[in-house]
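K.L.:
Hey, dropping target_21.cif in here, mmCIF, C-alpha atoms:
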data_protein
#
loop_
_atom_site.label_atom_id
_atom_site.label_comp_id
_atom_site.auth_asym_id
_atom_site.auth_seq_id
_atom_site.Cartn_x
_atom_site.Cartn_y
_atom_site.Cartn_z
CA MET A 1 0.00 0.00 0.00
CA ALA A 2 2.96 2.35 -0.54
CA GLY A 3 1.91 5.86 -1.30
CA GLN A 4 -1.48 5.50 0.38
CA THR A 5 -2.41 6.88 3.75
CA THR A 6 -4.83 4.77 5.77
CA LEU A 7 -4.08 6.03 9.28
CA LEU A 8 -4.03 9.60 10.62
CA GLN A 9 -3.50 10.59 14.22
CA TYR A 10 -3.73 13.35 16.75
CA GLU A 11 -2.57 13.71 20.35
CA ALA A 12 -4.95 15.85 22.42
CA PRO A 13 -3.70 17.85 25.41
CA TRP A 14 -6.26 16.06 27.63
CA PRO A 15 -8.12 12.72 27.81
CA VAL A 16 -10.80 12.66 25.11
CA HIS A 17 -14.29 11.51 25.98
CA SER A 18 -16.83 12.64 23.37
CA LEU A 19 -16.01 12.96 19.69
CA ASP A 20 -17.87 13.36 16.42
CA TRP A 21 -16.76 13.65 12.80
CA CYS A 22 -18.27 16.54 10.85
CA LYS A 23 -21.09 15.40 8.60
CA SER A 24 -19.94 17.11 5.38
CA ALA A 25 -17.24 19.32 3.91
CA ALA A 26 -17.04 22.86 5.24
CA PRO A 27 -19.57 25.33 3.81
CA GLY A 28 -18.28 26.75 0.57
CA LEU A 29 -15.56 24.10 0.40
CA GLN A 30 -17.54 21.16 -0.97
CA LEU A 31 -14.91 20.72 -3.67
CA ARG A 32 -12.09 20.40 -1.13
CA PRO A 33 -12.35 16.98 0.46
CA ARG A 34 -9.70 17.85 3.04
CA SER A 35 -12.20 20.14 4.78
CA ALA A 36 -14.29 17.05 5.59
CA PHE A 37 -11.45 15.86 7.86
CA ARG A 38 -12.69 17.76 10.90
CA LEU A 39 -13.48 16.32 14.30
CA GLY A 40 -15.20 17.83 17.30
CA ILE A 41 -13.66 16.50 20.52
CA ALA A 42 -14.42 17.02 24.21
CA SER A 43 -12.20 16.47 27.23
CA PHE A 44 -12.89 14.40 30.30
CA THR A 45 -11.32 15.72 33.47
CA GLU A 46 -13.02 15.47 36.84
CA ASN A 47 -13.28 19.20 37.42
CA TYR A 48 -14.91 22.28 35.95
CA ASN A 49 -12.05 22.98 33.51
CA ASN A 50 -13.12 20.85 30.58
CA ARG A 51 -12.66 21.94 26.95
CA ILE A 52 -14.16 21.23 23.58
CA ALA A 53 -12.11 21.65 20.42
CA ILE A 54 -12.30 21.29 16.67
CA VAL A 55 -9.34 19.64 14.99
CA GLY A 56 -8.63 19.46 11.27
CA LEU A 57 -5.88 18.48 8.89
CA GLN A 58 -2.59 20.36 8.88
CA ASP A 59 -2.75 23.23 6.44
CA GLU A 60 -1.43 21.99 3.12
CA ARG A 61 0.85 25.01 2.98
CA VAL A 62 2.89 23.42 5.76
CA LEU A 63 5.60 21.27 4.25
CA VAL A 64 6.05 17.91 5.89
CA GLU A 65 9.37 16.11 6.06
CA ASP A 66 8.54 12.50 5.31
CA ASP A 67 11.04 11.02 7.74
CA PHE A 68 9.65 12.93 10.70
CA THR A 69 6.99 10.40 11.63
CA ASP A 70 5.71 11.97 14.86
CA TYR A 71 4.31 14.94 13.00
CA PRO A 72 0.60 15.15 13.91
CA ASP A 73 -1.84 14.83 11.03
CA PHE A 74 -4.46 16.96 12.79
CA VAL A 75 -4.07 20.37 14.43
CA THR A 76 -6.41 22.26 16.74
CA LEU A 77 -8.43 24.78 14.73
CA CYS A 78 -10.19 26.34 17.72
CA GLU A 79 -11.30 25.47 21.22
CA THR A 80 -13.37 26.80 24.08
CA ALA A 81 -14.07 26.14 27.75
CA HIS A 82 -16.90 23.76 28.60
CA GLY A 83 -16.98 23.51 32.40
CA TYR A 84 -18.25 20.02 33.21
CA PRO A 85 -17.32 17.24 30.76
CA ALA A 86 -19.48 16.94 27.66
CA THR A 87 -21.37 13.65 27.84
CA SER A 88 -21.97 13.88 24.09
CA LEU A 89 -20.82 16.14 21.27
CA GLN A 90 -22.39 16.16 17.79
CA TRP A 91 -22.19 18.19 14.60
CA GLN A 92 -25.39 19.38 12.97
CA PRO A 93 -26.91 16.79 10.61
CA ALA A 94 -25.67 16.89 7.02
CA SER A 95 -29.08 17.90 5.69
CA THR A 96 -28.96 21.23 7.50
CA HIS A 97 -26.50 23.40 5.59
CA GLY A 98 -27.99 26.79 4.94
CA TRP A 99 -30.68 26.10 7.53
CA ALA A 100 -31.88 28.88 9.87
CA GLN A 101 -30.18 32.25 9.90
CA ASN A 102 -26.75 30.69 9.69
CA SER A 103 -24.31 32.53 7.53
CA SER A 104 -22.83 30.47 4.74
CA SER A 105 -19.62 29.76 6.61
CA THR A 106 -21.23 28.78 9.92
CA GLU A 107 -21.96 25.32 11.25
CA LEU A 108 -23.55 24.24 14.50
CA LEU A 109 -22.31 21.78 17.10
CA ALA A 110 -24.12 20.77 20.26
CA THR A 111 -23.06 19.18 23.54
CA THR A 112 -24.79 17.80 26.60
CA GLY A 113 -23.55 17.90 30.18
CA ASP A 114 -25.12 20.05 32.86
CA ALA A 115 -27.12 21.64 29.99
CA LEU A 116 -27.72 21.34 26.25
CA ARG A 117 -25.38 23.81 24.58
CA VAL A 118 -25.42 24.83 20.93
CA TYR A 119 -22.22 26.31 19.48
CA GLU A 120 -21.61 28.19 16.28
CA TYR A 121 -18.44 27.21 14.48
CA ASN A 122 -17.20 29.71 11.94
CA SER A 123 -14.45 28.51 9.63
CA ASP A 124 -14.10 31.85 7.94
CA VAL A 125 -13.47 30.74 4.38
CA ALA A 126 -13.22 34.26 3.01
CA THR A 127 -9.42 34.18 3.07
CA PRO A 128 -8.40 34.94 -0.51
CA VAL A 129 -6.37 32.31 -2.30
CA SER A 130 -3.63 34.88 -2.96
CA ASN A 131 -2.67 34.37 0.70
CA TYR A 132 -1.50 31.01 -0.41
CA VAL A 133 2.00 32.06 -1.31
CA ALA A 134 2.35 35.07 0.93
CA ARG A 135 2.34 34.75 4.69
CA GLN A 136 1.74 31.70 6.79
CA PRO A 137 -1.95 32.07 7.74
CA SER A 138 -2.88 31.83 11.38
CA THR A 139 -5.86 29.72 12.45
CA SER A 140 -7.63 32.84 13.70
CA GLY A 141 -10.21 32.38 10.95
CA HIS A 142 -11.80 29.64 13.10
CA THR A 143 -14.10 30.57 15.97
CA LEU A 144 -16.31 28.53 18.27
CA THR A 145 -18.96 30.52 20.15
CA MET A 146 -21.76 29.34 22.37
CA LYS A 147 -25.14 30.29 20.97
CA THR A 148 -27.55 28.88 23.57
CA ALA A 149 -27.48 26.90 26.80
CA LEU A 150 -30.73 25.13 27.64
CA SER A 151 -31.54 23.44 30.91
CA GLY A 152 -35.11 23.29 32.02
CA GLN A 153 -36.96 23.01 35.27
CA SER A 154 -37.04 19.31 36.00
CA LYS A 155 -40.39 17.56 36.29
CA VAL A 156 -39.18 15.19 38.95
CA GLN A 157 -36.64 17.17 40.94
CA THR A 158 -37.15 20.32 42.92
CA GLN A 159 -33.85 22.07 42.38
CA SER A 160 -33.96 25.10 40.15
CA THR A 161 -31.84 23.76 37.31
CA GLY A 162 -32.35 20.62 35.31
CA ALA A 163 -30.49 17.42 36.17
CA PRO A 164 -27.38 16.40 34.19
CA LEU A 165 -28.00 15.26 30.62
CA THR A 166 -26.53 11.96 29.46
CA ASN A 167 -26.96 12.18 25.69
CA PHE A 168 -28.98 13.66 22.83
CA SER A 169 -30.20 13.03 19.31
CA TRP A 170 -30.39 15.71 16.61
CA ASN A 171 -33.32 15.39 14.23
CA GLU A 172 -32.17 15.20 10.60
CA LYS A 173 -35.51 16.10 9.07
CA ALA A 174 -36.24 19.04 11.41
CA PRO A 175 -32.81 20.18 12.62
CA SER A 176 -34.32 22.66 15.06
CA LEU A 177 -35.39 19.63 17.15
CA ILE A 178 -33.06 17.95 19.64
CA VAL A 179 -34.18 15.35 22.19
CA THR A 180 -32.06 14.95 25.35
CA SER A 181 -31.95 12.19 27.97
CA SER A 182 -31.29 12.82 31.65
CA ILE A 183 -30.41 11.02 34.86
CA ASP A 184 -33.68 12.35 36.32
CA THR A 185 -35.63 9.70 34.28
CA THR A 186 -36.87 12.25 31.72
CA CYS A 187 -36.40 12.98 28.04
CA THR A 188 -36.90 16.53 26.78
CA VAL A 189 -37.58 17.66 23.20
CA TRP A 190 -36.11 21.12 22.55
CA ASN A 191 -36.53 23.60 19.76
CA ILE A 192 -33.04 25.11 19.53
CA GLU A 193 -34.16 27.91 17.24
CA THR A 194 -36.60 29.30 19.78
CA SER A 195 -34.63 27.99 22.82
CA THR A 196 -37.74 26.36 24.27
CA ALA A 197 -38.62 22.94 25.64
CA ILE A 198 -41.44 21.54 23.52
CA THR A 199 -42.15 18.66 25.86
CA GLN A 200 -40.58 16.85 28.77
CA LEU A 201 -41.72 13.36 29.68
CA ILE A 202 -40.86 10.80 32.31
CA ALA A 203 -39.44 8.13 30.06
CA HIS A 204 -38.06 5.45 32.39
CA ASP A 205 -38.16 4.29 36.00
CA ARG A 206 -34.51 5.17 36.45
CA GLU A 207 -31.77 7.18 34.67
CA VAL A 208 -32.06 7.52 30.89
CA TYR A 209 -28.70 6.95 29.18
CA ASP A 210 -29.35 7.41 25.47
CA VAL A 211 -32.00 8.53 23.03
CA ALA A 212 -32.41 8.39 19.23
CA TRP A 213 -34.91 9.78 16.73
CA LEU A 214 -36.40 7.24 14.36
CA PRO A 215 -34.73 8.06 11.00
CA GLY A 216 -37.03 10.16 8.83
CA SER A 217 -39.45 10.93 11.68
CA THR A 218 -40.00 14.14 13.64
CA ASP A 219 -42.40 12.45 16.10
CA ILE A 220 -40.98 9.09 17.17
CA PHE A 221 -37.89 8.51 19.29
CA VAL A 222 -36.56 5.66 21.40
CA SER A 223 -34.62 5.64 24.65
CA VAL A 224 -32.69 3.24 26.86
CA GLY A 225 -31.77 3.46 30.50
CA ALA A 226 -30.79 2.05 33.84
CA ASP A 227 -34.08 0.18 34.22
CA GLY A 228 -32.92 -2.12 31.42
CA SER A 229 -35.68 -1.22 28.98
CA LEU A 230 -35.79 0.15 25.44
CA ARG A 231 -38.88 2.28 24.92
CA ALA A 232 -40.46 4.10 21.99
CA PHE A 233 -42.35 7.41 22.28
CA ASP A 234 -44.53 9.26 19.82
CA LEU A 235 -44.97 13.01 20.33
CA ARG A 236 -48.47 12.72 18.82
CA SER A 237 -49.65 10.41 21.64
CA LEU A 238 -47.51 10.94 24.71
CA GLU A 239 -49.90 9.29 27.12
CA HIS A 240 -48.33 5.91 26.48
CA SER A 241 -44.99 4.48 25.44
CA THR A 242 -44.11 1.15 23.92
CA ILE A 243 -41.60 -1.14 25.59
CA LEU A 244 -39.68 -2.73 22.71
CA TYR A 245 -37.23 -4.74 24.80
CA GLU A 246 -36.46 -5.42 28.43
CA THR A 247 -33.24 -6.99 29.57
CA PRO A 248 -33.68 -10.37 31.22
CA ALA A 249 -33.21 -10.23 34.99
CA PRO A 250 -29.62 -11.05 35.93
CA LYS A 251 -29.01 -14.65 36.89
CA ASN A 252 -27.72 -15.75 40.32
CA VAL A 253 -29.23 -12.80 42.15
CA PRO A 254 -29.87 -13.49 45.84
CA PRO A 255 -33.61 -13.69 46.63
CA PRO A 256 -35.10 -10.50 48.08
CA SER A 257 -35.07 -10.20 51.85
CA SER A 258 -38.29 -11.00 53.70
CA SER A 259 -39.01 -7.30 54.26
CA PRO A 260 -37.75 -5.45 51.19
CA SER A 261 -37.46 -1.74 51.70
CA ALA A 262 -39.62 0.60 49.67
CA SER A 263 -36.56 1.77 47.77
CA ALA A 264 -35.48 -1.73 46.75
CA ARG A 265 -35.77 -2.17 43.01
CA PRO A 266 -35.61 -5.39 41.05
CA PRO A 267 -32.10 -5.81 39.70
CA THR A 268 -31.82 -5.14 35.99
CA SER A 269 -28.99 -4.82 33.55
CA PRO A 270 -28.92 -1.19 32.35
CA LEU A 271 -28.87 -0.51 28.62
CA LEU A 272 -26.29 2.16 27.72
CA ARG A 273 -26.67 3.05 24.03
CA ILE A 274 -29.23 2.86 21.25
CA ALA A 275 -28.73 3.46 17.51
CA PHE A 276 -30.78 2.82 14.38
CA ASN A 277 -29.39 1.22 11.26
CA PRO A 278 -29.60 4.30 8.98
CA SER A 279 -30.42 2.29 5.88
CA ASP A 280 -33.12 0.11 7.52
CA SER A 281 -34.67 1.72 10.57
CA ASN A 282 -36.44 -1.50 11.56
CA TYR A 283 -33.12 -2.49 13.08
CA MET A 284 -31.63 -1.01 16.23
CA SER A 285 -28.47 -1.84 18.11
CA THR A 286 -27.99 -1.64 21.87
CA PHE A 287 -25.63 -2.98 24.55
CA HIS A 288 -25.68 -3.50 28.29
CA MET A 289 -23.59 -1.70 30.86
CA ASP A 290 -20.48 -3.87 31.38
CA GLY A 291 -21.67 -6.07 28.49
CA ASN A 292 -19.36 -7.65 25.88
CA ASP A 293 -22.10 -8.31 23.29
CA VAL A 294 -24.27 -6.10 21.08
CA GLN A 295 -27.97 -6.88 20.69
CA ILE A 296 -29.68 -6.17 17.36
CA LEU A 297 -33.42 -5.65 17.73
CA ASP A 298 -36.13 -5.60 15.07
CA MET A 299 -38.97 -3.12 15.70
CA ARG A 300 -41.36 -5.52 13.94
CA SER A 301 -40.76 -8.29 16.47
CA PRO A 302 -39.94 -6.63 19.76
CA GLY A 303 -39.19 -8.51 22.94
CA GLN A 304 -36.08 -10.39 21.95
CA PRO A 305 -32.96 -9.60 19.92
CA VAL A 306 -32.89 -11.01 16.39
CA MET A 307 -29.08 -11.02 16.44
CA GLU A 308 -26.32 -10.86 18.98
CA LEU A 309 -22.76 -9.85 18.06
CA ARG A 310 -20.18 -11.68 20.14
CA GLY A 311 -16.60 -10.72 19.43
CA HIS A 312 -15.36 -8.56 22.30
CA HIS A 313 -13.67 -9.88 25.43
CA ALA A 314 -14.30 -6.89 27.67
CA GLN A 315 -17.01 -4.28 28.09
CA ILE A 316 -18.16 -2.37 25.02
CA ASN A 317 -17.82 1.40 25.28
CA ALA A 318 -19.19 2.70 21.99
CA PHE A 319 -20.68 1.76 18.65
CA GLY A 320 -21.86 3.47 15.50
CA TRP A 321 -23.32 2.76 12.07
CA GLY A 322 -21.58 3.99 8.94
CA SER A 323 -23.32 5.88 6.14
CA ALA A 324 -22.71 3.57 3.18
CA GLU A 325 -25.61 2.02 1.29
CA HIS A 326 -25.13 -1.14 3.37
CA PRO A 327 -23.74 0.44 6.51
CA LEU A 328 -21.27 -1.41 8.69
CA LEU A 329 -21.62 -1.37 12.46
CA ALA A 330 -18.43 -0.48 14.35
CA THR A 331 -18.00 -1.52 17.99
CA ALA A 332 -15.21 -0.51 20.38
CA SER A 333 -14.28 -1.97 23.70
CA ASP A 334 -11.98 -2.09 26.72
CA ASP A 335 -10.32 -5.10 25.01
CA CYS A 336 -8.55 -2.49 22.77
CA GLN A 337 -10.41 -3.85 19.74
CA LEU A 338 -12.36 -2.00 17.09
CA LEU A 339 -14.58 -4.52 15.27
CA LEU A 340 -16.58 -3.94 12.07
CA TRP A 341 -19.70 -5.99 11.43
CA ASP A 342 -21.57 -6.44 8.16
CA LEU A 343 -25.15 -7.38 8.97
CA ALA A 344 -26.73 -6.76 5.56
CA SER A 345 -26.64 -10.42 4.52
CA PHE A 346 -28.27 -11.51 7.78
CA ASN A 347 -31.03 -8.90 7.55
CA ASN A 348 -32.19 -10.13 4.16
CA THR A 349 -32.59 -13.72 5.31
CA ASN A 350 -34.52 -12.55 8.33
CA GLN A 351 -36.91 -10.38 6.38
CA GLY A 352 -38.14 -13.27 4.31
CA ALA A 353 -39.08 -15.16 7.43
CA ALA A 354 -40.53 -12.23 9.32
CA SER A 355 -42.54 -10.35 6.75
CA PRO A 356 -45.75 -12.44 6.56
CA ARG A 357 -45.98 -12.50 10.32
CA SER A 358 -45.32 -8.83 10.88
CA ALA A 359 -47.66 -7.80 8.08
CA SER A 360 -50.64 -9.82 9.20
CA SER A 361 -50.58 -10.47 12.89
CA ARG A 362 -48.21 -7.88 14.39
CA LEU A 363 -47.62 -10.31 17.25
CA ASN A 364 -45.54 -8.75 19.95
CA SER A 365 -44.11 -11.94 21.35
CA PRO A 366 -41.41 -13.62 19.29
CA ARG A 367 -42.36 -17.01 17.95
CA PRO A 368 -40.73 -19.80 19.93
CA ASP A 369 -38.93 -20.93 16.78
CA ALA A 370 -37.61 -17.43 16.00
CA LYS A 371 -34.09 -18.14 17.19
CA LYS A 372 -31.78 -15.21 17.61
CA ARG A 373 -28.76 -15.45 15.38
CA ILE A 374 -25.39 -15.36 17.11
CA ILE A 375 -22.73 -13.65 15.00
CA THR A 376 -19.13 -14.14 16.09
CA GLU A 377 -17.21 -13.12 12.97
CA PRO A 378 -16.59 -9.42 12.37
CA ILE A 379 -15.40 -8.55 8.85
CA MET A 380 -12.55 -6.38 10.13
CA ALA A 381 -10.67 -5.88 13.38
CA TYR A 382 -8.18 -3.26 14.50
CA THR A 383 -6.23 -3.44 17.74
CA ALA A 384 -5.40 -0.15 19.45
CA PRO A 385 -2.56 0.25 21.97
CA SER A 386 -5.07 0.81 24.79
CA GLN A 387 -8.78 0.70 25.63
CA ILE A 388 -11.00 2.41 23.05
CA THR A 389 -13.48 4.70 24.76
CA ASN A 390 -15.35 6.19 21.80
CA LEU A 391 -15.65 6.20 18.01
CA ALA A 392 -17.12 8.28 15.19
CA TRP A 393 -17.70 7.64 11.48
CA SER A 394 -16.78 10.15 8.81
CA PRO A 395 -19.09 10.95 5.91
CA GLN A 396 -18.06 9.58 2.50
CA ILE A 397 -14.89 11.55 1.67
CA GLN A 398 -13.33 11.87 -1.79
CA GLY A 399 -9.77 10.68 -2.20
CA MET A 400 -7.07 13.35 -2.20
CA THR A 401 -3.36 14.00 -1.85
CA MET A 402 -2.00 14.65 1.63
CA ASN A 403 0.87 16.95 2.66
CA THR A 404 3.21 13.97 2.71
CA GLY A 405 2.57 13.37 -0.98
CA HIS A 406 0.65 10.20 -0.09
CA SER A 407 -2.92 9.85 -1.31
CA THR A 408 -6.11 8.65 0.31
CA ILE A 409 -8.86 6.66 -1.35
CA THR A 410 -12.51 7.66 -1.48
CA GLY A 411 -14.74 6.23 1.23
CA GLU A 412 -15.39 6.26 4.94
CA TRP A 413 -13.03 6.76 7.86
CA LEU A 414 -13.45 5.87 11.52
CA ALA A 415 -12.06 7.94 14.38
CA ILE A 416 -11.33 6.18 17.65
CA ALA A 417 -10.36 7.71 20.99
CA SER A 418 -7.99 5.99 23.42
CA GLY A 419 -6.96 8.23 26.30
CA LYS A 420 -5.48 11.36 24.71
CA THR A 421 -4.88 9.71 21.33
CA ILE A 422 -7.23 9.91 18.37
CA LYS A 423 -6.64 7.72 15.36
CA ALA A 424 -8.53 8.04 12.10
CA LEU A 425 -8.58 4.74 10.18
CA LYS A 426 -9.55 4.29 6.55
CA VAL A 427 -12.27 1.63 6.38
#
Starting from the coordinates I provided, produce the structure as structure tokens.
P.N.:
Amino acid sequence: MAGQTTLLQYEAPWPVHSLDWCKSAAPGLQLRPRSAFRLGIASFTENYNNRIAIVGLQDERVLVEDDFTDYPDFVTLCETAHGYPATSLQWQPASTHGWAQNSSSTELLATTGDALRVYEYNSDVATPVSNYVARQPSTSGHTLTMKTALSGQSKVQTQSTGAPLTNFSWNEKAPSLIVTSSIDTTCTVWNIETSTAITQLIAHDREVYDVAWLPGSTDIFVSVGADGSLRAFDLRSLEHSTILYETPAPKNVPPPSSSPSASARPPTSPLLRIAFNPSDSNYMSTFHMDGNDVQILDMRSPGQPVMELRGHHAQINAFGWGSAEHPLLATASDDCQLLLWDLASFNNTNQGAASPRSASSRLNSPRPDAKKRIITEPIMAYTAPSQITNLAWSPQIQGMTMNTGHSTITGEWLAIASGKTIKALKV
């Protein structure tokens, strides 16, 4: 593979927790694939001095000596203080360029933590090309400014500010809508253009850890939490929710004492993350806290996973679906492994079996003969030097020539975070 770059890296000044790859090339730079190599990253330090930053490729005007291998591929374009750690950081959905009153060179990012914060990132592209030869440009063209901070009165707690937020989902179809999940058992749907909470609902019996809009919908979202359930909500009928999956009670649990206290709750295995397959939103992926396996659920036959991915040897920390026509699912774990799974072939065989049943009877209990498929063979594996705490997919990026003279090929990249190190791998 001489002459091709398949690995880029960056050393952050602090441990990285949240990260997200921008969803498209910078505004006005659609013809320059290198501008799609931008990551939003957030620190994790146990104090109020956390940061968020945007990193991008080294300016191509910087000459790189090939033999100097420690040269970072990414540089910090801009950063800002964040206070508490960001539990999640995301770029605006790709569909939203030119949305709202944004100027052409502005993009939005959002974070959750003690509040939902929306930032405006300006990558001032007005620098004339004649600069090219003249002086070395500074990165002062990049700014990151907080636009709004939203934290509502909590329905279930009496303190004046809302409880910490664990995660959020940005609606692709209506990008003014963001739904957040909180440790106070609620989910809140916000309109970030008007800075108002549209609705807040008690979603679970315990903390809510993740939330996701149904692709293509502005009404339906799902959530997972510490009570071990995956639930679906519809903003058009909020009086009831649908439980799509509940984790089986843990085995070998001592029987309850003869006089259980009022606060005693049945033990469950919390569900940490939820994500839809972007090309077939019948399928969702989730995993348990401390779990080594990923469960794939089918909305048409709730109650039991249709597939289980078993390849990791330690707890899973993150996963994500790519954006290709048949997206791969990436999973990352404390076993230092990044695994890529191709589930397209399995989905097709399942659909044949499931369609008559789901069309006619809509039974909610899986048929006894509907065995879940155990998948143990990922199509690709990468071993990092240490535990992988998070990952993010790039959009499809055109091939190009790097500063080193090496080229990249068109396709998707995956960013993984291990401690302070971020590696971007060509898939």
K.L.:
Can you list, as a count of residues only, every protein, DNA or RNA residue that comes within 6 Å of segment 269-285 of chain A when you count only C-alpha atoms, leaving out same-chain residues fewer than 3 positions away?
P.N.:
14
K.L.:
A:Phe37, A:Trp413, A:Phe319, A:Tyr245: which is nearest Asp293 of chain A, counting only C-alpha atoms?
P.N.:
A:Phe319
K.L.:
Which of these residues is nearest to Ile220 of chain A, using only C-alpha atoms: A:Ser169, A:Val427, A:Leu7, A:Thr186?
P.N.:
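For Ile220 of chain A, the nearest of the given residues is A:Ser169.
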K.L.:
Please return as a PDB file with C-alpha atoms, keeping the file's coordinate frame every residue within 6 Å of (-32.4, -14.8, 19.1), taking into account all atoms listed in the file and the file's own coordinates.
P.N.:
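As a result, out_31.pdb now contains:
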ATOM      1  CA  PRO A 305     -32.960  -9.600  19.920  1.00  0.00           C
ATOM      2  CA  VAL A 306     -32.890 -11.010  16.390  1.00  0.00           C
ATOM      3  CA  MET A 307     -29.080 -11.020  16.440  1.00  0.00           C
ATOM      4  CA  LYS A 371     -34.090 -18.140  17.190  1.00  0.00           C
ATOM      5  CA  LYS A 372     -31.780 -15.210  17.610  1.00  0.00           C
ATOM      6  CA  ARG A 373     -28.760 -15.450  15.380  1.00  0.00           C
TER       7      ARG A 373
END
K.L.:
One decimal, in Å: what's the spacing between atom CA of Pro302 of chain A and atom CA of Ala212 of chain A?
P.N.:
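Spanning atom CA of Pro302 of chain A to atom CA of Ala212 of chain A is a straight-line distance of 16.8 Å.
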K.L.:
Between atom CA of Gly322 of chain A and atom CA of Leu414 of chain A, what is the spacing in Å?
P.N.:
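These two atoms are separated by 8.7 Å.
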K.L.:
Provide the atom CA of Gln315 of chain A to atom CA of Lys420 of chain A distance in Å, to one decimal place.
P.N.:
19.7 Å
K.L.:
Going by the chain IDs and residue numbers used in this file, which residues fall under the PyMOL selection byres ((chain A and resi 399) around 9)? Write them as a ChimeraX atom specification.
P.N.:
/A:33-34,397-398,400-401,407-411
K.L.:
Pick out the residues sitting within 6 Å of Gln9 of chain A, and hand them over as a VMD selection string; count only C-alpha atoms, and ignore anything fewer than 2 positions along from it in its own chain.
P.N.:
chain A and resid 73 422 to 423
K.L.:
Keeping only C-alpha atoms, take the residues you just selected and write them out as an mmCIF file, in the coordinates of the input.
P.N.:
data_model
loop_
_atom_site.group_PDB
_atom_site.id
_atom_site.type_symbol
_atom_site.label_atom_id
_atom_site.label_comp_id
_atom_site.auth_asym_id
_atom_site.auth_seq_id
_atom_site.Cartn_x
_atom_site.Cartn_y
_atom_site.Cartn_z
ATOM 1 C CA ASP A 73 -1.840 14.830 11.030
ATOM 2 C CA ILE A 422 -7.230 9.910 18.370
ATOM 3 C CA LYS A 423 -6.640 7.720 15.360
#
K.L.:
Could you write out as a PDB file with C-alpha atoms, in the frame of the given file the residues that the PyMOL selection byres ((chain A and resi 76) around 12) matches in the shown file?
P.N.:
ATOM      1  CA  TYR A  10      -3.730  13.350  16.750  1.00  0.00           C
ATOM      2  CA  GLU A  11      -2.570  13.710  20.350  1.00  0.00           C
ATOM      3  CA  ALA A  12      -4.950  15.850  22.420  1.00  0.00           C
ATOM      4  CA  PRO A  13      -3.700  17.850  25.410  1.00  0.00           C
ATOM      5  CA  ARG A  38     -12.690  17.760  10.900  1.00  0.00           C
ATOM      6  CA  LEU A  39     -13.480  16.320  14.300  1.00  0.00           C
ATOM      7  CA  GLY A  40     -15.200  17.830  17.300  1.00  0.00           C
ATOM      8  CA  ILE A  41     -13.660  16.500  20.520  1.00  0.00           C
ATOM      9  CA  ARG A  51     -12.660  21.940  26.950  1.00  0.00           C
ATOM     10  CA  ILE A  52     -14.160  21.230  23.580  1.00  0.00           C
ATOM     11  CA  ALA A  53     -12.110  21.650  20.420  1.00  0.00           C
ATOM     12  CA  ILE A  54     -12.300  21.290  16.670  1.00  0.00           C
ATOM     13  CA  VAL A  55      -9.340  19.640  14.990  1.00  0.00           C
ATOM     14  CA  GLY A  56      -8.630  19.460  11.270  1.00  0.00           C
ATOM     15  CA  LEU A  57      -5.880  18.480   8.890  1.00  0.00           C
ATOM     16  CA  GLN A  58      -2.590  20.360   8.880  1.00  0.00           C
ATOM     17  CA  ASP A  59      -2.750  23.230   6.440  1.00  0.00           C
ATOM     18  CA  PRO A  72       0.600  15.150  13.910  1.00  0.00           C
ATOM     19  CA  ASP A  73      -1.840  14.830  11.030  1.00  0.00           C
ATOM     20  CA  PHE A  74      -4.460  16.960  12.790  1.00  0.00           C
ATOM     21  CA  VAL A  75      -4.070  20.370  14.430  1.00  0.00           C
ATOM     22  CA  LEU A  77      -8.430  24.780  14.730  1.00  0.00           C
ATOM     23  CA  CYS A  78     -10.190  26.340  17.720  1.00  0.00           C
ATOM     24  CA  GLU A  79     -11.300  25.470  21.220  1.00  0.00           C
ATOM     25  CA  THR A  80     -13.370  26.800  24.080  1.00  0.00           C
ATOM     26  CA  SER A 138      -2.880  31.830  11.380  1.00  0.00           C
ATOM     27  CA  THR A 139      -5.860  29.720  12.450  1.00  0.00           C
ATOM     28  CA  SER A 140      -7.630  32.840  13.700  1.00  0.00           C
ATOM     29  CA  HIS A 142     -11.800  29.640  13.100  1.00  0.00           C
ATOM     30  CA  THR A 143     -14.100  30.570  15.970  1.00  0.00           C
ATOM     31  CA  LEU A 144     -16.310  28.530  18.270  1.00  0.00           C
TER      32      LEU A 144
END
K.L.:
Between A:Gly311, A:Pro175, A:Pro378, A:Pro267, single out the one closest to Trp341 of chain A, counting all atoms listed in the file.
P.N.:
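Counting all atoms listed in the file, the residue closest to Trp341 of chain A is A:Pro378.
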K.L.:
Please evaluate the PyMOL selection byres ((chain A and resi 313) around 9) against the displayed coordinates and give the resulting residues as a ChimeraX atom specification.
P.N.:
/A:292-293,310-312,314-316,333-335,337
K.L.:
Nearest to Ser394 of chain A: which of A:Ser323, A:Ser237, A:Ser105, A:Asn171 is it, counting all atoms listed in the file?
P.N.:
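Under the stated criterion, the closest residue is A:Ser323.
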K.L.:
For segment 228-232 of chain A, I'd like the enclosing box, axis-aligned and padded by 3 Å on every side, reported as AutoDock Vina command-line options with centre and edge lengths in Å to one decimal.
P.N.:
--center_x -36.7 --center_y 1.0 --center_z 26.7 --size_x 13.5 --size_y 12.2 --size_z 15.4
K.L.:
Looking at A:Cys187, A:Met146, A:Ala26, A:Leu19, which one is nearest to Pro85 of chain A, with distances taken over only C-alpha atoms?
P.N.:
A:Leu19
